[in-house]
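Asker: A single structure is presented below for examination.
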Amino acid sequence: MTTKSGTNQFHGSFFETARNNSIGVAKARQDPYNLVAPHLVRNEFGASVGGILISKIYDGKNRSFFFFAYERFSNRQFANERENVPTQAMRNGDFSGLINSNGVYQQLYDGNTTNPVNYQRQPFPNNQIPVSRLSPLAKALYAISPLPMTRDNPLASNASNFTAPAVNNQTRPTITFRLDHISE
């Protein structure tokens, strides 16, 4: 890492870089359903000062120097995030169209029909679980999960079936302090 050093004269600088979605940002490329640019406010700013260490007690001319810098990066951004959520049919126990990404049909088996001799189970007819047999946990998770925006099978399709804004809030300050002393 390299930093500036102080000198016999006081020097300073400051900078500000601002970027937001109201100036020159292209329309959202991530969201195929909504062509509005997501919220973006990004600021980078800072200041620095350097010079000679001098006081009533000590004269550091040509020998002792300081440098101090403060920088801050802050980013407030919404990004469109693509996710997979269960289809409406799946929420109702209908897994008749359940295939994986290789196109292989996935059969569901009824755990209540386990044969105690060979431990085989009977498949659910037409891969449909009766709504009365859905677990309370599954019902609670479906109740708080968003509905899909498309009919895409979340297990078989490369396309996500739900898009939502995700929040990215970052604030990173950086403080740099340096002392230099040249001994005689």
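Lettering and numbering for the structure tokens are positional, with chains as A, B, ... in the shown order, residues counted from 1 in each chain, and ligands counted from 1 in the shown order.
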Please extract the residues of range 89-137 of chain A with a backbone DSSP assignment of strand (DSSP E) and present them as a PyMOL selection string.

Answerer: chain A and resi 109-110+122-123

Asker: With only C-alpha atoms as the atoms that count, which of A:Ser64, A:Asn168, A:Ser132, A:Asn100 lies nearest to Ala79 in chain A?

Answerer: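 The answer is A:Asn168, which sits nearest to Ala79 in chain A.
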
Asker: Could you give me, as a short mmCIF file (atom, residue, chain, number, x, y, z; two decimals) with N, CA and C atoms, in the first residue's frame, the residues within 12 Å of Tyr105 in chain A, counting only C-alpha atoms and dropping anything in the same chain fewer than 6 positions from it?

Answerer:
```cif
data_model
loop_
_atom_site.label_atom_id
_atom_site.label_comp_id
_atom_site.auth_asym_id
_atom_site.auth_seq_id
_atom_site.Cartn_x
_atom_site.Cartn_y
_atom_site.Cartn_z
N PHE A 95 -48.09 -32.11 -8.30
CA PHE A 95 -46.74 -32.22 -8.83
C PHE A 95 -46.72 -33.10 -10.08
N SER A 96 -47.84 -33.11 -10.82
CA SER A 96 -47.95 -33.97 -12.00
C SER A 96 -46.96 -33.55 -13.09
N GLY A 97 -46.55 -32.31 -13.12
CA GLY A 97 -45.59 -31.85 -14.12
C GLY A 97 -44.17 -31.75 -13.57
N LEU A 98 -43.89 -32.48 -12.51
CA LEU A 98 -42.59 -32.37 -11.86
C LEU A 98 -41.52 -33.11 -12.64
N ILE A 99 -40.68 -32.34 -13.32
CA ILE A 99 -39.53 -32.90 -14.02
C ILE A 99 -38.30 -32.10 -13.61
N ASN A 126 -51.03 -39.89 -9.89
CA ASN A 126 -50.80 -38.74 -10.77
C ASN A 126 -49.89 -37.69 -10.13
N ASN A 127 -49.05 -38.12 -9.16
CA ASN A 127 -48.11 -37.23 -8.48
C ASN A 127 -48.82 -36.07 -7.79
N LEU A 155 -37.95 -26.15 -11.25
CA LEU A 155 -36.95 -27.21 -11.22
C LEU A 155 -36.42 -27.55 -12.61
N ALA A 156 -37.18 -27.25 -13.64
CA ALA A 156 -36.80 -27.67 -14.98
C ALA A 156 -36.35 -26.54 -15.88
#
```

Asker: Show which residues sit within 12 Å of range 7-13 of chain A, as number ranges by chain. Count only C-alpha atoms, and ignore same-chain residues fewer than 5 positions away.

Answerer: A: 45-54, 59-71, 179-182

Asker: Take the residues just selected and output them with N, CA and C atoms as a PDB file, in the first residue's frame.

Answerer:
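File again_38.pdb, as written:
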```
ATOM      1  N   PHE A  45     -16.713  10.039  -1.597  1.00  0.00           N
ATOM      2  CA  PHE A  45     -16.139  11.349  -1.333  1.00  0.00           C
ATOM      3  C   PHE A  45     -15.029  11.218  -0.311  1.00  0.00           C
ATOM      4  N   GLY A  46     -14.199  12.238  -0.246  1.00  0.00           N
ATOM      5  CA  GLY A  46     -13.114  12.212   0.717  1.00  0.00           C
ATOM      6  C   GLY A  46     -12.319  13.493   0.703  1.00  0.00           C
ATOM      7  N   ALA A  47     -11.439  13.596   1.689  1.00  0.00           N
ATOM      8  CA  ALA A  47     -10.565  14.755   1.807  1.00  0.00           C
ATOM      9  C   ALA A  47      -9.259  14.296   2.438  1.00  0.00           C
ATOM     10  N   SER A  48      -8.203  15.031   2.154  1.00  0.00           N
ATOM     11  CA  SER A  48      -6.907  14.711   2.750  1.00  0.00           C
ATOM     12  C   SER A  48      -6.174  16.001   3.070  1.00  0.00           C
ATOM     13  N   VAL A  49      -5.300  15.919   4.052  1.00  0.00           N
ATOM     14  CA  VAL A  49      -4.466  17.047   4.427  1.00  0.00           C
ATOM     15  C   VAL A  49      -3.123  16.492   4.902  1.00  0.00           C
ATOM     16  N   GLY A  50      -2.069  17.202   4.577  1.00  0.00           N
ATOM     17  CA  GLY A  50      -0.736  16.788   4.998  1.00  0.00           C
ATOM     18  C   GLY A  50       0.137  17.992   5.203  1.00  0.00           C
ATOM     19  N   GLY A  51       1.146  17.826   6.033  1.00  0.00           N
ATOM     20  CA  GLY A  51       2.037  18.953   6.266  1.00  0.00           C
ATOM     21  C   GLY A  51       3.065  18.647   7.334  1.00  0.00           C
ATOM     22  N   ILE A  52       3.614  19.712   7.858  1.00  0.00           N
ATOM     23  CA  ILE A  52       4.693  19.616   8.837  1.00  0.00           C
ATOM     24  C   ILE A  52       4.110  19.540  10.244  1.00  0.00           C
ATOM     25  N   LEU A  53       4.766  18.764  11.087  1.00  0.00           N
ATOM     26  CA  LEU A  53       4.388  18.735  12.498  1.00  0.00           C
ATOM     27  C   LEU A  53       5.108  19.882  13.186  1.00  0.00           C
ATOM     28  N   ILE A  54       4.326  20.803  13.690  1.00  0.00           N
ATOM     29  CA  ILE A  54       4.923  21.972  14.331  1.00  0.00           C
ATOM     30  C   ILE A  54       4.035  22.396  15.487  1.00  0.00           C
ATOM     31  N   ASP A  59       9.549  21.900  16.685  1.00  0.00           N
ATOM     32  CA  ASP A  59       9.603  22.389  15.308  1.00  0.00           C
ATOM     33  C   ASP A  59      10.098  21.244  14.445  1.00  0.00           C
ATOM     34  N   GLY A  60       9.194  20.672  13.634  1.00  0.00           N
ATOM     35  CA  GLY A  60       9.536  19.509  12.813  1.00  0.00           C
ATOM     36  C   GLY A  60       9.947  19.860  11.396  1.00  0.00           C
ATOM     37  N   LYS A  61      10.306  21.121  11.153  1.00  0.00           N
ATOM     38  CA  LYS A  61      10.654  21.531   9.785  1.00  0.00           C
ATOM     39  C   LYS A  61      11.766  20.642   9.225  1.00  0.00           C
ATOM     40  N   ASN A  62      11.525  20.135   8.011  1.00  0.00           N
ATOM     41  CA  ASN A  62      12.436  19.240   7.296  1.00  0.00           C
ATOM     42  C   ASN A  62      12.630  17.882   7.997  1.00  0.00           C
ATOM     43  N   ARG A  63      11.835  17.596   9.044  1.00  0.00           N
ATOM     44  CA  ARG A  63      12.041  16.330   9.766  1.00  0.00           C
ATOM     45  C   ARG A  63      10.768  15.544  10.047  1.00  0.00           C
ATOM     46  N   SER A  64       9.695  16.177  10.493  1.00  0.00           N
ATOM     47  CA  SER A  64       8.499  15.443  10.935  1.00  0.00           C
ATOM     48  C   SER A  64       7.271  15.924  10.162  1.00  0.00           C
ATOM     49  N   PHE A  65       6.550  14.951   9.623  1.00  0.00           N
ATOM     50  CA  PHE A  65       5.408  15.268   8.755  1.00  0.00           C
ATOM     51  C   PHE A  65       4.222  14.376   9.102  1.00  0.00           C
ATOM     52  N   PHE A  66       3.040  14.850   8.738  1.00  0.00           N
ATOM     53  CA  PHE A  66       1.838  14.034   8.930  1.00  0.00           C
ATOM     54  C   PHE A  66       1.022  14.028   7.639  1.00  0.00           C
ATOM     55  N   PHE A  67       0.179  13.030   7.548  1.00  0.00           N
ATOM     56  CA  PHE A  67      -0.790  12.946   6.452  1.00  0.00           C
ATOM     57  C   PHE A  67      -2.047  12.301   7.017  1.00  0.00           C
ATOM     58  N   PHE A  68      -3.209  12.870   6.714  1.00  0.00           N
ATOM     59  CA  PHE A  68      -4.484  12.335   7.178  1.00  0.00           C
ATOM     60  C   PHE A  68      -5.465  12.359   6.011  1.00  0.00           C
ATOM     61  N   ALA A  69      -6.199  11.269   5.838  1.00  0.00           N
ATOM     62  CA  ALA A  69      -7.213  11.210   4.782  1.00  0.00           C
ATOM     63  C   ALA A  69      -8.448  10.495   5.303  1.00  0.00           C
ATOM     64  N   TYR A  70      -9.608  10.982   4.885  1.00  0.00           N
ATOM     65  CA  TYR A  70     -10.886  10.342   5.185  1.00  0.00           C
ATOM     66  C   TYR A  70     -11.611  10.133   3.861  1.00  0.00           C
ATOM     67  N   GLU A  71     -12.067   8.913   3.621  1.00  0.00           N
ATOM     68  CA  GLU A  71     -12.840   8.595   2.421  1.00  0.00           C
ATOM     69  C   GLU A  71     -14.075   7.825   2.850  1.00  0.00           C
ATOM     70  N   LEU A 179       2.466   9.184   9.971  1.00  0.00           N
ATOM     71  CA  LEU A 179       3.486  10.087  10.523  1.00  0.00           C
ATOM     72  C   LEU A 179       4.829   9.688   9.942  1.00  0.00           C
ATOM     73  N   ASP A 180       5.623  10.664   9.558  1.00  0.00           N
ATOM     74  CA  ASP A 180       6.975  10.416   9.055  1.00  0.00           C
ATOM     75  C   ASP A 180       7.944  11.265   9.871  1.00  0.00           C
ATOM     76  N   HIS A 181       9.081  10.671  10.171  1.00  0.00           N
ATOM     77  CA  HIS A 181      10.127  11.427  10.885  1.00  0.00           C
ATOM     78  C   HIS A 181      11.472  11.045  10.279  1.00  0.00           C
ATOM     79  N   ILE A 182      12.240  12.053   9.961  1.00  0.00           N
ATOM     80  CA  ILE A 182      13.589  11.848   9.437  1.00  0.00           C
ATOM     81  C   ILE A 182      14.557  12.244  10.544  1.00  0.00           C
TER      82      ILE A 182
END
```

Asker: Name all residues at most 7 Å from Arg82 in chain A (count only C-alpha atoms; drop same-chain ones fewer than 5 positions away) and give them as a ChimeraX atom specification.

Answerer: /A:160,162-164

Asker: Report, in Å with one decimal, the straight-line distance from CA of Val41 in chain A to CA of Glu81 in chain A.

Answerer: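 Between CA of Val41 in chain A and CA of Glu81 in chain A the gap is 18.0 Å.
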
Asker: Using only C-alpha atoms, find the one residue out of A:Pro148, A:Gly103, A:Pro130, A:Pro136 that sits nearest to Asn161 in chain A.

Answerer: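 So, comparing all the options, the nearest one is A:Pro148.
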
Asker: Skipping near chain neighbours, those fewer than 6 positions away, what residues fall within 8 Å of His39 in chain A using only C-alpha atoms, listed as a ChimeraX atom specification?

Answerer: /A:20-21,76-79

Asker: Write a file of the selected residues as a compact mmCIF listing (two decimals), in the first residue's frame, keeping C-alpha atoms.

Answerer:
```txt
# COMPACT_ATOMS: atom_id res chain seq x y z
CA ASN A 20 -27.64 7.82 -9.53
CA ASN A 21 -30.42 6.49 -11.72
CA ARG A 76 -28.03 2.63 -1.89
CA GLN A 77 -29.22 0.39 -4.67
CA PHE A 78 -32.12 -1.78 -5.65
CA ALA A 79 -31.17 -4.64 -7.93
```

Asker: Could you pull the residues within 8 Å of Asp110 in chain A, counting only C-alpha atoms, minus those fewer than 6 positions along the same chain, as a list of chain:residue names?

Answerer: A:Arg121, A:Gln122, A:Pro123, A:Phe124

Asker: Kindly save the residues from that selection, with C-alpha atoms included, as a short mmCIF file (atom, residue, chain, number, x, y, z; two decimals), in the first residue's frame.

Answerer:
```
data_model
loop_
_atom_site.label_atom_id
_atom_site.label_comp_id
_atom_site.auth_asym_id
_atom_site.auth_seq_id
_atom_site.Cartn_x
_atom_site.Cartn_y
_atom_site.Cartn_z
CA ARG A 121 -43.94 -47.17 -0.83
CA GLN A 122 -46.84 -46.54 -3.17
CA PRO A 123 -46.61 -43.52 -5.48
CA PHE A 124 -49.11 -40.70 -5.13
#
```

Asker: Between A:Thr3, A:Val131, A:Gln88, A:Ile57, which is the closest to Asp152 in chain A once you count only C-alpha atoms?

Answerer: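 Closest to Asp152 in chain A of all the choices is A:Gln88.
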